[in-house]
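Accompanying notes for the structure given below.
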Amino acid sequence: MSQPNKRGRSTQLSNDEDYDGPSQSKKRNMPAPVNSEEVERKVKDLVRYALACEQKKVLIRRDEIRKKILQDYGRQYTAVFGRAQGMLADIFGMKMCEVQPRESTQTSKSKPSTTTAQGSTQTKASLPVSYTLCNVLASEFDVSQVIHESDDEYVCLGVLYLSLALIFVNESMLTEGDLKRYLDKVKLTTTGMDHDELDSTLNTFVKQGYLHRQKQNEAVVDAGAEPQFEYRWGPRATAEIQTDSIIKFIASFYDEGIEELRVNIMKAAGVAD
């Protein structure tokens with residue numbers, strides 16, 4: 001965890017003022033005194049910030065929490081974050097889940113370290129920490145009966161789950177051409193949205209972190225063929241959506257029981273059950 005940004009409240013001494021000794025310097029570096037009412041306000045501010053980020057479908061960033069919410073109360077990060085988690089769970093049935101940053105992949109099977117523009121290799125610890133809100137309601141609750149979306153939002157949610165399911169059962173990767181062909185087969189572009197709307201929707205999923213899109217390495221492309229974009233689950237989808245949820249979604253299209261389908265789905269995904 002990065003060290004909190006300490007801001008002194010004392011005014012810097014001007015050149016013509018007398019130096020008061022080391023004690024004055026220490027005062028400038030002292031953290032703000034803990035005020036229980038102010039800490040409680042920070043908890044509520046963090047909850048509002050998390051809900052606003054969810055509404056806008058942007059990640060909750062730890063550095064933004066320190067900068068915009070905690071400010072001079074950086075040393076209270078753990079206490080404020082923990083109490084905000086409790087409030088989110090008790091009132092809204094959600095919690096902040098850490099989003100694992102996705103390292104760039106050069107091929108479908110190799111995952112080298114992320115490299116900065118200066119050429120230095122970033123470790124996982126040096127990458128920015130982000131969160132997204134995840135559902136923690138008990139399984140017997142039907143979220144669709146609790147949270148009501150507009151028709152357009154339900155369409156986007158359906159396209160997202162369908163895209164994630166198709167990627168999942170194809171060993172967690174699909175080229176852009178294959179993904180669009182599969183979506184055409186379910187008549188999405190003839191009954192739901194045209195190709196331009198589909199492109200815009202997929203771009204939105206990438207920006208929101210639900211899909212990860214990367215151009216193929218030329219080394220894995222057949223001679224004479226143009227590299228395509230590859231789609232994988234994005235870090236937000238990995239944090240928010242459980243494997244069981246995708247399996248249940250896929251099983252809803254079949255008459256067979258979910259347990260009968262699970263083995264075949266997991267084999268198609270290339271992962272052990």
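Note on naming: chains are A, B, ... as they come in the structure tokens, residues start from 1 per chain, ligands start from 1 in the order shown.
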
As a ChimeraX atom specification, which residues of stretch 146-268 of chain A does DSSP assign to helix (DSSP H, G or I)? /A:146,151-168,176-185,188-191,195-208,218-220,235-240,243-251,258-268

Selection near A:Glu54, 12 Å with only C-alpha atoms, sequence-local residues under 2 positions removed, as a list in words: Val47, Arg48, Tyr49, Ala50, Leu51, Ala52, Lys56, Lys57, Val58, Leu59, Ile60, Arg61, Met94, Lys95, Met96, Tyr131, Thr132, Leu133, Cys134, Asn135, Gln208, Arg236 and Glu240 of chain A

Restrict the selected residues to N, CA, C and O atoms and save them as an mmCIF file, in the first residue's frame.
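Saved the output as selection33.cif:
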data_model
loop_
_atom_site.group_PDB
_atom_site.id
_atom_site.type_symbol
_atom_site.label_atom_id
_atom_site.label_comp_id
_atom_site.auth_asym_id
_atom_site.auth_seq_id
_atom_site.Cartn_x
_atom_site.Cartn_y
_atom_site.Cartn_z
ATOM 1 N N VAL A 47 -18.654 6.131 0.550
ATOM 2 C CA VAL A 47 -19.802 5.350 0.060
ATOM 3 C C VAL A 47 -20.448 6.057 -1.128
ATOM 4 O O VAL A 47 -20.750 5.432 -2.157
ATOM 5 N N ARG A 48 -20.657 7.374 -1.011
ATOM 6 C CA ARG A 48 -21.247 8.127 -2.120
ATOM 7 C C ARG A 48 -20.344 8.090 -3.348
ATOM 8 O O ARG A 48 -20.826 7.952 -4.482
ATOM 9 N N TYR A 49 -19.040 8.202 -3.142
ATOM 10 C CA TYR A 49 -18.086 8.162 -4.253
ATOM 11 C C TYR A 49 -18.128 6.802 -4.951
ATOM 12 O O TYR A 49 -18.136 6.719 -6.185
ATOM 13 N N ALA A 50 -18.181 5.720 -4.168
ATOM 14 C CA ALA A 50 -18.224 4.372 -4.744
ATOM 15 C C ALA A 50 -19.495 4.176 -5.568
ATOM 16 O O ALA A 50 -19.465 3.615 -6.668
ATOM 17 N N LEU A 51 -20.633 4.647 -5.046
ATOM 18 C CA LEU A 51 -21.895 4.515 -5.772
ATOM 19 C C LEU A 51 -21.893 5.357 -7.045
ATOM 20 O O LEU A 51 -22.434 4.937 -8.082
ATOM 21 N N ALA A 52 -21.280 6.539 -6.981
ATOM 22 C CA ALA A 52 -21.198 7.389 -8.170
ATOM 23 C C ALA A 52 -20.332 6.736 -9.249
ATOM 24 O O ALA A 52 -20.670 6.777 -10.439
ATOM 25 N N LYS A 56 -21.500 5.528 -13.063
ATOM 26 C CA LYS A 56 -20.802 5.950 -14.277
ATOM 27 C C LYS A 56 -20.009 4.819 -14.924
ATOM 28 O O LYS A 56 -19.428 5.001 -15.983
ATOM 29 N N LYS A 57 -19.980 3.651 -14.260
ATOM 30 C CA LYS A 57 -19.227 2.485 -14.739
ATOM 31 C C LYS A 57 -17.747 2.812 -14.915
ATOM 32 O O LYS A 57 -17.113 2.461 -15.915
ATOM 33 N N VAL A 58 -17.188 3.496 -13.912
ATOM 34 C CA VAL A 58 -15.751 3.736 -13.873
ATOM 35 C C VAL A 58 -15.195 3.082 -12.611
ATOM 36 O O VAL A 58 -15.928 2.863 -11.634
ATOM 37 N N LEU A 59 -13.916 2.756 -12.623
ATOM 38 C CA LEU A 59 -13.317 2.082 -11.486
ATOM 39 C C LEU A 59 -13.133 3.038 -10.306
ATOM 40 O O LEU A 59 -12.950 4.246 -10.483
ATOM 41 N N ILE A 60 -13.196 2.478 -9.118
ATOM 42 C CA ILE A 60 -12.934 3.221 -7.884
ATOM 43 C C ILE A 60 -11.437 3.128 -7.633
ATOM 44 O O ILE A 60 -10.916 2.040 -7.377
ATOM 45 N N ARG A 61 -10.721 4.216 -7.725
ATOM 46 C CA ARG A 61 -9.263 4.178 -7.643
ATOM 47 C C ARG A 61 -8.788 4.602 -6.250
ATOM 48 O O ARG A 61 -9.266 5.587 -5.694
ATOM 49 N N MET A 94 -23.677 -4.587 -1.385
ATOM 50 C CA MET A 94 -22.509 -4.589 -2.263
ATOM 51 C C MET A 94 -21.242 -4.379 -1.439
ATOM 52 O O MET A 94 -21.299 -3.972 -0.282
ATOM 53 N N LYS A 95 -20.111 -4.656 -2.050
ATOM 54 C CA LYS A 95 -18.840 -4.338 -1.430
ATOM 55 C C LYS A 95 -17.845 -3.970 -2.520
ATOM 56 O O LYS A 95 -18.031 -4.303 -3.699
ATOM 57 N N MET A 96 -16.784 -3.286 -2.142
ATOM 58 C CA MET A 96 -15.722 -2.925 -3.087
ATOM 59 C C MET A 96 -14.755 -4.104 -3.224
ATOM 60 O O MET A 96 -14.149 -4.530 -2.241
ATOM 61 N N TYR A 131 -10.878 -0.610 -7.501
ATOM 62 C CA TYR A 131 -11.960 -1.456 -7.002
ATOM 63 C C TYR A 131 -13.193 -1.287 -7.870
ATOM 64 O O TYR A 131 -13.335 -0.291 -8.593
ATOM 65 N N THR A 132 -14.086 -2.257 -7.790
ATOM 66 C CA THR A 132 -15.410 -2.151 -8.390
ATOM 67 C C THR A 132 -16.412 -2.708 -7.394
ATOM 68 O O THR A 132 -16.055 -3.508 -6.521
ATOM 69 N N LEU A 133 -17.653 -2.284 -7.497
ATOM 70 C CA LEU A 133 -18.676 -2.773 -6.582
ATOM 71 C C LEU A 133 -19.173 -4.147 -7.040
ATOM 72 O O LEU A 133 -19.515 -4.333 -8.208
ATOM 73 N N CYS A 134 -19.214 -5.097 -6.103
ATOM 74 C CA CYS A 134 -19.677 -6.459 -6.383
ATOM 75 C C CYS A 134 -20.880 -6.777 -5.514
ATOM 76 O O CYS A 134 -20.980 -6.314 -4.378
ATOM 77 N N ASN A 135 -21.777 -7.582 -6.054
ATOM 78 C CA ASN A 135 -22.972 -7.991 -5.344
ATOM 79 C C ASN A 135 -22.623 -8.986 -4.243
ATOM 80 O O ASN A 135 -21.904 -9.948 -4.471
ATOM 81 N N GLN A 208 -15.134 0.302 -20.101
ATOM 82 C CA GLN A 208 -15.599 0.039 -18.736
ATOM 83 C C GLN A 208 -14.798 -1.059 -18.051
ATOM 84 O O GLN A 208 -14.925 -1.250 -16.842
ATOM 85 N N ARG A 236 -12.595 -5.971 -14.868
ATOM 86 C CA ARG A 236 -13.845 -5.692 -14.148
ATOM 87 C C ARG A 236 -14.772 -6.904 -14.199
ATOM 88 O O ARG A 236 -15.417 -7.251 -13.191
ATOM 89 N N GLU A 240 -16.272 -8.969 -10.978
ATOM 90 C CA GLU A 240 -17.701 -8.882 -10.691
ATOM 91 C C GLU A 240 -18.475 -10.172 -10.971
ATOM 92 O O GLU A 240 -19.482 -10.450 -10.309
#

Of A:Leu88, A:Ile247, A:Met173, A:Cys156, the one sitting nearest A:Asn203 when using only C-alpha atoms is A:Cys156

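Rounded to one decimal, atom CA of A:Gln214 and atom CA of A:Glu230 lie 5.3 Å from each other.
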
Who sits within 12 Å of A:Gln242, only C-alpha atoms, same chain under 4 positions skipped, as number ranges by chain: A: 134-136, 161, 164-165, 168, 233, 236-238, 246-249

Show which residues sit within 12 Å of A:Glu176, as an MDAnalysis selection string. Count only C-alpha atoms, and ignore same-chain residues fewer than 3 positions away. chainID A and resid 163 166:167 173 179:183 198:199 202:203 211:216 227:232

Fewer than 3 positions away in the same chain doesn't count, so skip those; otherwise give me all residues within 12 Å of A:Lys44, counting only C-alpha atoms, as a PDB file with C-alpha atoms, in the first residue's frame.
ATOM      1  CA  GLU A  37     -17.232  13.187  13.369  1.00  0.00           C
ATOM      2  CA  GLU A  38     -14.959  14.041  10.460  1.00  0.00           C
ATOM      3  CA  VAL A  39     -13.951  10.380  10.034  1.00  0.00           C
ATOM      4  CA  GLU A  40     -17.631   9.407   9.941  1.00  0.00           C
ATOM      5  CA  ARG A  41     -18.222  12.015   7.261  1.00  0.00           C
ATOM      6  CA  VAL A  47     -19.802   5.350   0.060  1.00  0.00           C
ATOM      7  CA  ARG A  48     -21.247   8.127  -2.120  1.00  0.00           C
ATOM      8  CA  TYR A  49     -18.086   8.162  -4.253  1.00  0.00           C
ATOM      9  CA  ALA A  50     -18.224   4.372  -4.744  1.00  0.00           C
ATOM     10  CA  LEU A  51     -21.895   4.515  -5.772  1.00  0.00           C
ATOM     11  CA  ILE A  69     -12.094  11.775  -0.010  1.00  0.00           C
ATOM     12  CA  LEU A  70      -9.504  11.384   2.750  1.00  0.00           C
ATOM     13  CA  VAL A  80     -12.591   4.567   6.732  1.00  0.00           C
ATOM     14  CA  PHE A  81     -12.402   1.910   4.019  1.00  0.00           C
ATOM     15  CA  GLY A  82     -13.506  -0.864   6.393  1.00  0.00           C
ATOM     16  CA  ARG A  83     -16.467   1.070   7.747  1.00  0.00           C
ATOM     17  CA  ALA A  84     -17.503   2.083   4.227  1.00  0.00           C
ATOM     18  CA  GLN A  85     -17.427  -1.581   3.228  1.00  0.00           C
ATOM     19  CA  GLY A  86     -19.746  -2.401   6.122  1.00  0.00           C
ATOM     20  CA  MET A  87     -22.163   0.371   5.162  1.00  0.00           C
ATOM     21  CA  LEU A  88     -22.216  -0.710   1.504  1.00  0.00           C
ATOM     22  CA  ILE A  91     -27.522  -0.949   3.113  1.00  0.00           C
TER      23      ILE A  91
END

If we count only C-alpha atoms and set the cut-off at 6 Å, which residues sit around A:Val99, ignoring sequence neighbours fewer than 4 positions away in its own chain? Please answer as a PyMOL selection string. chain A and resi 130-131+235+239

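Of the listed residues (A:Asp90, A:Cys97, A:Lys42, A:Thr204), A:Lys42 comes nearest to A:Tyr77; the distances count only C-alpha atoms.
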
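Ranking A:Asp63, A:Asn170, A:His195, A:Ala251 by their shortest atom-to-atom distance to A:Gly270, with only C-alpha atoms included, puts A:Asn170 first.
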